[in-house]
Amino acid sequence: MRFEWDWLQPVMPVPYVPTLGPVHPDALAAGLFSDVLDVAGTGRFLPYDKDQRWADRKDETVLPNGIVHTRHQTLIPTWSQRGAGSFTVYVYGPDPDGQAAETVAKLAADHGAGRARVVTFHGPDTTPPPGTAHTRVQLRVFGRPSPADQPGPVRPVDGLPGPARATFAGFADRLTDDGFAFLHRQMQAGAVGPVLAVTDGGRVVGAIGPMETMTDSTGASRLLPQYFGVLPEHRGHGYGRTLWRAAMHWGTTHGAAYQLLQTETGGASDRLCQAEGLRSLGFVQTVPRSAWSRAPLCSAAPVPLFRLVSGRVCGRRGGGGRGSRAGRW
Ligand SMILES: CC(C)(COP(=O)(O)OP(=O)(O)OC[C@H]1O[C@@H](n2cnc3c(N)ncnc32)[C@H](O)[C@@H]1OP(=O)(O)O)[C@@H](O)C(=O)NCCC(=O)NCCS
């Protein structure tokens, strides 16, 4: 099994690999796709997979036998056990027949999964289709420390005076939806790098972290994505920008070559990153099953998870044209 890079690369407007997420444009290579296939179904992490920070086993896995790979289009289905389970089909290239939606709906129906979604990619100079959620992939490259990226009044939580440090728990509780309650548990377990905080009146009102680096598939050091939030009543006063710049200063001084981020397009952090000069690498659009046609699925027999035959969902597709067997594994 191998991907034809000549087929895949031209239909990949965003450097994004299923199960791994965005990668640096210079790290994008056929080998990454082979690597995620090699660990499919094993629960193992690739050595450069950032998700190993948070779990002992890799959750999302590619379903190799469900892959469609032709000169014009590549569809890569994945399965995640988290929650009620979810299927995703990553679409590279045009999909005029809606094969991805059909495939993922069939998978979810057969296996009783709670969620099914289709992920498509749109270049940085395009306007992603309206009506559904999309994120922007952004790249910050670190050079020499910049005077703008100074830590300012920001301190690591562990370095705050005791009474201020004690307010972090309440801060984290209030930003549970932004991941801070989870992060706080990791901090208490001593399992993560420093978390930077800004205080007002002796209380933590904003934080960013954990600050950690990891080498990518090429050996370059990247700053990993952080949790980032400011209490609602303190937003719009510059704390977010101050925290962001302190985080960039940390990355520069700890040898990171770059950071990749995914921000909700048009949201506050997206605008902040754009204003701070990050380079847009394009958009990732996620369309949940509820958003597409509810046409009934035909009643073909369920397909076992790791024995999918691509192009045979609902038994409709034969040979020839896009999606034909000729271009698949
Ligand atoms: C993102 C967040 C941390 C920004 O904090 P903040 O203290 O309000 O940010 P600042 O006051 O420093 O604003 C910095 C820039 O962010 C952008 N921004 C902030 N609030 C914004 C809003 N409501 N709408 C659009 N852009 C906004 C602007 O570009 C702003 O620059 P400007 O003031 O020169 O226009 C804060 O909005 C937040 O906690 N949001 C919820 C959690 C979240 O989305 N985290 C990011 C996950 S990736």
# chains A, B, ... in the order shown; residues from 1 in each chain; ligands from 1

$ residues_near_ligand --ligand "ligand 1" --cutoff "10 Å" --atoms "only C-alpha atoms and all ligand atoms" --output "VMD selection string"
chain A and resid 135 175 177 to 180 205 to 208 225 to 245 261 to 264 266 to 276

$ write_last_selection --atoms "N, CA and C atoms" --output "short mmCIF file (atom, residue, chain, number, x, y, z; two decimals), in the first residue's frame"
data_model
loop_
_atom_site.label_atom_id
_atom_site.label_comp_id
_atom_site.auth_asym_id
_atom_site.auth_seq_id
_atom_site.Cartn_x
_atom_site.Cartn_y
_atom_site.Cartn_z
N THR A 135 -12.04 26.23 10.37
CA THR A 135 -10.91 26.78 11.11
C THR A 135 -9.83 27.20 10.12
N LEU A 175 -13.29 28.71 32.99
CA LEU A 175 -13.01 28.48 31.57
C LEU A 175 -12.94 26.98 31.26
N ASP A 177 -15.01 25.19 29.60
CA ASP A 177 -15.33 24.92 28.19
C ASP A 177 -14.15 25.20 27.27
N ASP A 178 -13.21 25.98 27.72
CA ASP A 178 -12.03 26.26 26.90
C ASP A 178 -10.86 25.35 27.28
N GLY A 179 -11.14 24.34 28.09
CA GLY A 179 -10.13 23.30 28.37
C GLY A 179 -9.32 23.53 29.63
N PHE A 180 -9.60 24.61 30.36
CA PHE A 180 -8.70 24.93 31.48
C PHE A 180 -8.91 24.03 32.70
N VAL A 205 -6.41 36.35 35.60
CA VAL A 205 -7.53 36.69 34.71
C VAL A 205 -7.32 36.16 33.29
N GLY A 206 -6.14 35.64 33.03
CA GLY A 206 -5.88 35.08 31.71
C GLY A 206 -4.70 34.15 31.77
N ALA A 207 -4.67 33.16 30.86
CA ALA A 207 -3.55 32.21 30.86
C ALA A 207 -3.37 31.60 29.48
N ILE A 208 -2.15 31.12 29.26
CA ILE A 208 -1.82 30.40 28.02
C ILE A 208 -0.82 29.30 28.36
N PRO A 225 0.49 23.52 20.36
CA PRO A 225 -0.67 24.38 20.61
C PRO A 225 -0.98 24.45 22.10
N GLN A 226 -1.44 25.61 22.53
CA GLN A 226 -1.73 25.82 23.95
C GLN A 226 -3.23 26.04 24.19
N TYR A 227 -3.63 25.87 25.42
CA TYR A 227 -4.92 26.41 25.86
C TYR A 227 -4.70 27.89 26.10
N PHE A 228 -5.73 28.69 25.78
CA PHE A 228 -5.55 30.13 25.77
C PHE A 228 -6.89 30.76 26.13
N GLY A 229 -6.94 31.58 27.17
CA GLY A 229 -8.20 32.21 27.51
C GLY A 229 -8.04 33.35 28.50
N VAL A 230 -8.98 34.28 28.41
CA VAL A 230 -9.07 35.42 29.32
C VAL A 230 -10.50 35.42 29.87
N LEU A 231 -10.67 35.71 31.15
CA LEU A 231 -12.02 35.76 31.73
C LEU A 231 -12.87 36.77 30.95
N PRO A 232 -14.15 36.44 30.70
CA PRO A 232 -14.99 37.29 29.84
C PRO A 232 -14.97 38.77 30.24
N GLU A 233 -15.04 39.07 31.54
CA GLU A 233 -15.13 40.48 31.94
C GLU A 233 -13.81 41.23 31.79
N HIS A 234 -12.75 40.49 31.48
CA HIS A 234 -11.45 41.13 31.30
C HIS A 234 -11.01 41.13 29.83
N ARG A 235 -11.87 40.67 28.95
CA ARG A 235 -11.49 40.63 27.53
C ARG A 235 -11.54 42.03 26.92
N GLY A 236 -10.79 42.21 25.85
CA GLY A 236 -10.80 43.49 25.14
C GLY A 236 -9.89 44.54 25.78
N HIS A 237 -9.07 44.14 26.74
CA HIS A 237 -8.17 45.09 27.40
C HIS A 237 -6.69 44.79 27.13
N GLY A 238 -6.44 43.93 26.17
CA GLY A 238 -5.05 43.69 25.79
C GLY A 238 -4.39 42.51 26.48
N TYR A 239 -5.10 41.84 27.40
CA TYR A 239 -4.46 40.71 28.10
C TYR A 239 -4.16 39.55 27.14
N GLY A 240 -5.10 39.31 26.20
CA GLY A 240 -4.89 38.22 25.25
C GLY A 240 -3.62 38.43 24.44
N ARG A 241 -3.45 39.63 23.92
CA ARG A 241 -2.25 39.93 23.12
C ARG A 241 -0.98 39.81 23.97
N THR A 242 -1.06 40.30 25.21
CA THR A 242 0.11 40.23 26.10
C THR A 242 0.50 38.76 26.35
N LEU A 243 -0.51 37.93 26.59
CA LEU A 243 -0.23 36.50 26.82
C LEU A 243 0.35 35.86 25.57
N TRP A 244 -0.25 36.18 24.44
CA TRP A 244 0.21 35.60 23.17
C TRP A 244 1.68 35.94 22.92
N ARG A 245 2.01 37.19 23.13
CA ARG A 245 3.40 37.62 22.88
C ARG A 245 4.36 36.96 23.88
N LEU A 261 -1.18 26.55 14.39
CA LEU A 261 -2.41 26.74 15.16
C LEU A 261 -3.61 26.51 14.27
N GLN A 262 -4.72 26.13 14.87
CA GLN A 262 -5.99 26.11 14.15
C GLN A 262 -6.95 26.99 14.92
N THR A 263 -7.44 28.04 14.28
CA THR A 263 -8.32 28.97 14.97
C THR A 263 -9.67 29.03 14.25
N GLU A 264 -10.73 29.22 15.03
CA GLU A 264 -12.07 29.33 14.46
C GLU A 264 -12.11 30.60 13.61
N GLY A 266 -12.60 33.89 11.95
CA GLY A 266 -13.37 35.09 12.32
C GLY A 266 -13.48 35.28 13.82
N GLY A 267 -13.08 34.31 14.62
CA GLY A 267 -13.15 34.43 16.08
C GLY A 267 -12.05 35.34 16.62
N ALA A 268 -12.12 35.61 17.91
CA ALA A 268 -11.17 36.55 18.52
C ALA A 268 -9.73 36.09 18.36
N SER A 269 -9.46 34.80 18.62
CA SER A 269 -8.07 34.34 18.54
C SER A 269 -7.59 34.33 17.10
N ASP A 270 -8.51 34.06 16.16
CA ASP A 270 -8.17 34.07 14.74
C ASP A 270 -7.73 35.48 14.33
N ARG A 271 -8.49 36.46 14.77
CA ARG A 271 -8.15 37.85 14.42
C ARG A 271 -6.87 38.29 15.11
N LEU A 272 -6.73 37.85 16.33
CA LEU A 272 -5.49 38.19 17.04
C LEU A 272 -4.27 37.64 16.28
N CYS A 273 -4.36 36.38 15.87
CA CYS A 273 -3.22 35.77 15.18
C CYS A 273 -2.97 36.45 13.83
N GLN A 274 -4.04 36.78 13.13
CA GLN A 274 -3.85 37.48 11.85
C GLN A 274 -3.21 38.85 12.09
N ALA A 275 -3.70 39.54 13.15
CA ALA A 275 -3.13 40.85 13.45
C ALA A 275 -1.67 40.74 13.87
N GLU A 276 -1.30 39.60 14.43
CA GLU A 276 0.09 39.40 14.87
C GLU A 276 0.97 38.89 13.73
#

$ select_by_dssp --residues "segment 108-299 of chain A" --states "alpha helix (DSSP H)" --output "ChimeraX atom specification"
/A:108-111,162-166,168-174,180-188,239-253,268-275

$ residues_around --residues "segment 72-85 of chain A" --least-positions-apart "6" --cutoff "7 Å" --atoms "only C-alpha atoms" --output "PyMOL selection string"
chain A and resi 7-8+59-63+66+91-94+100+113-115

$ closest_residue --among "A:Thr120, A:Ser221, A:Thr88, A:Thr70" --to "Ala133 of chain A" --atoms "only C-alpha atoms"
A:Thr120

$ atom_distance --atom1 "atom CA of Met214 of chain A" --atom2 "atom CA of Pro10 of chain A"
28.4 Å

$ closest_residue --among "A:Asn65, A:Ser146, A:Ser217, A:Ser280" --to "Val14 of chain A" --atoms "only C-alpha atoms"
A:Ser280

$ residues_around --residues "Asp216 of chain A" --least-positions-apart "6" --cutoff "12 Å" --atoms "only C-alpha atoms" --output "JSON, numbers by chain"
{"A": [20, 22, 23, 24, 25, 26, 27, 28, 32, 46, 47, 48, 49, 50, 222, 223, 224, 256, 257, 258, 259, 260]}

$ atom_distance --atom1 "atom CA of Leu37 of chain A" --atom2 "atom CA of Asp51 of chain A"
16.5 Å

$ closest_residue --among "A:Val36, A:Ala30, A:Val11, A:Ala181" --to "Arg71 of chain A" --atoms "only C-alpha atoms"
A:Val11

$ residues_around --residues "Pro128 of chain A" --least-positions-apart "4" --cutoff "9 Å" --atoms "only C-alpha atoms" --output "PyMOL selection string"
chain A and resi 121-123+134+282-285

$ closest_residue --among "A:Arg140, A:Gly21, A:Pro64, A:Lys106" --to "Gly41 of chain A" --atoms "only C-alpha atoms"
A:Pro64

$ atom_distance --atom1 "atom CA of Ala220 of chain A" --atom2 "atom CA of Val157 of chain A"
27.9 Å

$ closest_residue --among "A:Glu4, A:Phe168, A:Ser34, A:Leu196" --to "Val17 of chain A" --atoms "only C-alpha atoms"
A:Ser34

$ residues_around --residues "Asp158 of chain A" --least-positions-apart "2" --cutoff "12 Å" --atoms "only C-alpha atoms" --output "JSON, numbers by chain"
{"A": [154, 155, 156, 160, 161, 162, 163, 164, 165, 166, 167, 168, 184, 187, 188, 190, 192, 193, 194, 195, 196, 197, 204, 210]}

$ write_last_selection --atoms "C-alpha atoms" --output "short mmCIF file (atom, residue, chain, number, x, y, z; two decimals), in the first residue's frame"
data_model
loop_
_atom_site.label_atom_id
_atom_site.label_comp_id
_atom_site.auth_asym_id
_atom_site.auth_seq_id
_atom_site.Cartn_x
_atom_site.Cartn_y
_atom_site.Cartn_z
CA VAL A 154 3.08 37.63 32.41
CA ARG A 155 4.44 35.01 34.83
CA PRO A 156 4.34 31.22 35.02
CA LEU A 160 3.10 33.70 41.12
CA PRO A 161 2.85 34.71 44.78
CA GLY A 162 0.87 32.10 46.74
CA PRO A 163 -2.45 34.00 47.03
CA ALA A 164 -2.50 34.83 43.30
CA ARG A 165 -1.49 31.28 42.40
CA ALA A 166 -4.39 29.98 44.47
CA THR A 167 -6.84 31.88 42.26
CA PHE A 168 -5.87 29.79 39.24
CA HIS A 184 -5.52 22.33 35.71
CA MET A 187 -0.87 20.73 36.12
CA GLN A 188 -1.76 19.24 39.50
CA GLY A 190 2.79 17.64 37.31
CA VAL A 192 2.75 19.42 31.71
CA GLY A 193 5.09 22.30 30.95
CA PRO A 194 4.67 25.80 32.38
CA VAL A 195 1.43 27.71 32.04
CA LEU A 196 1.80 31.48 31.71
CA ALA A 197 -0.69 33.74 33.47
CA VAL A 204 -5.41 35.29 37.55
CA PRO A 210 1.21 24.50 28.59
#

$ closest_residue --among "A:Gly251, A:Gly112, A:Arg117, A:Gly31" --to "Ser290 of chain A" --atoms "only C-alpha atoms"
A:Arg117

$ select_by_dssp --residues "segment 44-209 of chain A" --states "strand (DSSP E)" --output "VMD selection string"
chain A and resid 61 to 62 68 to 69 74 to 80 86 to 92 115 to 122 134 to 141 155 to 156 196 to 200 203 to 209
